[in-house]
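**Q** Pasting in a structure now, in structure tokens, and then I'll have a few things to ask.
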Amino acid sequence: KEGFCLIKTAPISAGQFLASKYITSLFPLLLLAETLIVASNYLLQATPFMMLLSSITMLFMTLGINSLGLGLGAIYPKFRVENPAQIATSFGGVLYMVISSAYITLVVALEARPVYNIFYAKFHNLPLGLLSWIEIGIFLASALAINLVMVYIPFKMGLNKLELLEY
């Protein structure tokens with residue numbers, strides 16, 4: 001908590017502080033995530049569609065999971081711990097793991113149907129009709145909306161908590 005006193009007295013706003021933490025943690029995570037997804041798609045000889053979809057999905061999910069970690073860390077801070085491993089088993093740490101797992105499951109489930117439709121049509125050499133494209137668009141738009149919500153809401157909640165936190 002003593003270190004946080006210094007941050008609160010710094011000539012930057014809570015929003016600037018949180019944004020700088022977000023950006024500095026985002027780039028290494030994004031580099032690792034995209035490298036792994038591209039390499040695994042290459043090794044699995046994935047189609048260009050799957051390469052593009054999984055890369056875009058990984059981009060947005062990295063943005064969302066990073067925001068979730070930062071937001072929940074601000075909402076449920078653990079200033080005094082003897083061992084850093086205690087943070088992961090705290091209420092905020094467990095909540096982060098549960099919400100992250102639900103988030104990943106939901107996005108994968110929403111993208112499963114469009115992928116199935118596209119591969120089924122390609123495998124059976126069938127054209128995708130207008131209704132199939134509409135369904136694909138709805139599912140992918142829903143996945144995008146959930147990703148954007150996961151970027152904005154945890155960050156905003158964490159920012160609100162930081163602004164109210166007394167030192």
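Quick note on naming: the chains in the structure tokens go A, B, ... in the order shown, residues restart at 1 in each chain, and ligands are numbered from 1 in order of appearance.
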Tell me which protein, DNA and RNA residues are within 12 Å of A:Ile99, counting only C-alpha atoms, leaving out same-chain ones fewer than 2 positions away, and put them as a count of residues only.

**A** 20

**Q** Pick out the residues sitting within 12 Å of stretch 7-22 of chain A, and hand them over as a ChimeraX atom specification; count only C-alpha atoms, and ignore anything fewer than 4 positions along from it in its own chain.

**A** /A:1-3,26-30,62-74,151-152,154-167

**Q** Apply DSSP to the structure's backbone, then extract all residues of stretch 81-115 of chain A labelled helix (DSSP H, G or I) and return them as a ChimeraX atom specification.

**A** /A:85-88,91-115

**Q** Go ahead and save the picked residues with C-alpha atoms, as a PDB file, in the first residue's frame.

**A**
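Printed below is result_4.pdb as written:
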```pdb
ATOM      1  CA  ALA A  85       1.422 -17.006  -5.271  1.00  0.00           C
ATOM      2  CA  GLN A  86      -1.165 -15.907  -2.680  1.00  0.00           C
ATOM      3  CA  ILE A  87      -2.476 -13.355  -5.163  1.00  0.00           C
ATOM      4  CA  ALA A  88      -3.669 -16.086  -7.557  1.00  0.00           C
ATOM      5  CA  PHE A  91     -10.843 -13.769  -4.280  1.00  0.00           C
ATOM      6  CA  GLY A  92      -9.851 -11.480  -7.159  1.00  0.00           C
ATOM      7  CA  GLY A  93      -7.450 -14.064  -8.582  1.00  0.00           C
ATOM      8  CA  VAL A  94     -10.016 -16.854  -8.526  1.00  0.00           C
ATOM      9  CA  LEU A  95     -12.703 -14.540  -9.946  1.00  0.00           C
ATOM     10  CA  TYR A  96     -10.290 -13.615 -12.751  1.00  0.00           C
ATOM     11  CA  MET A  97      -9.734 -17.284 -13.605  1.00  0.00           C
ATOM     12  CA  VAL A  98     -13.460 -18.090 -13.571  1.00  0.00           C
ATOM     13  CA  ILE A  99     -14.463 -15.096 -15.703  1.00  0.00           C
ATOM     14  CA  SER A 100     -11.552 -15.683 -18.120  1.00  0.00           C
ATOM     15  CA  SER A 101     -12.558 -19.323 -18.571  1.00  0.00           C
ATOM     16  CA  ALA A 102     -16.203 -18.390 -19.169  1.00  0.00           C
ATOM     17  CA  TYR A 103     -15.157 -15.649 -21.593  1.00  0.00           C
ATOM     18  CA  ILE A 104     -12.922 -17.966 -23.619  1.00  0.00           C
ATOM     19  CA  THR A 105     -15.582 -20.681 -23.671  1.00  0.00           C
ATOM     20  CA  LEU A 106     -18.260 -18.250 -24.842  1.00  0.00           C
ATOM     21  CA  VAL A 107     -16.154 -16.796 -27.662  1.00  0.00           C
ATOM     22  CA  VAL A 108     -15.051 -20.237 -28.878  1.00  0.00           C
ATOM     23  CA  ALA A 109     -18.653 -21.474 -28.765  1.00  0.00           C
ATOM     24  CA  LEU A 110     -19.861 -18.456 -30.759  1.00  0.00           C
ATOM     25  CA  GLU A 111     -17.197 -18.996 -33.399  1.00  0.00           C
ATOM     26  CA  ALA A 112     -17.739 -22.746 -33.659  1.00  0.00           C
ATOM     27  CA  ARG A 113     -20.964 -22.488 -35.653  1.00  0.00           C
ATOM     28  CA  PRO A 114     -19.598 -20.204 -38.403  1.00  0.00           C
ATOM     29  CA  VAL A 115     -16.479 -22.356 -38.729  1.00  0.00           C
TER      30      VAL A 115
END
```

**Q** What does the distance between atom CA of A:Phe60 and atom CA of A:Ser132 come to in Å, to one decimal place?

**A**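 That distance, rounded to one decimal, is 24.1 Å.
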
**Q** Restricting the calculation to only C-alpha atoms, which member of A:Asn117, A:Ser55, A:Ser25, A:Asn125 is positioned closest to A:Phe139?

**A** A:Asn117

**Q** Could you please determine the separation between atom CA of A:Ser54 and atom CA of A:Ile37 in Å, to one decimal place?

**A** 7.1 Å

**Q** Atom CA of A:Leu32 and atom CA of A:Glu82, how far apart in Å?

**A**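 A separation of 29.4 Å between them.
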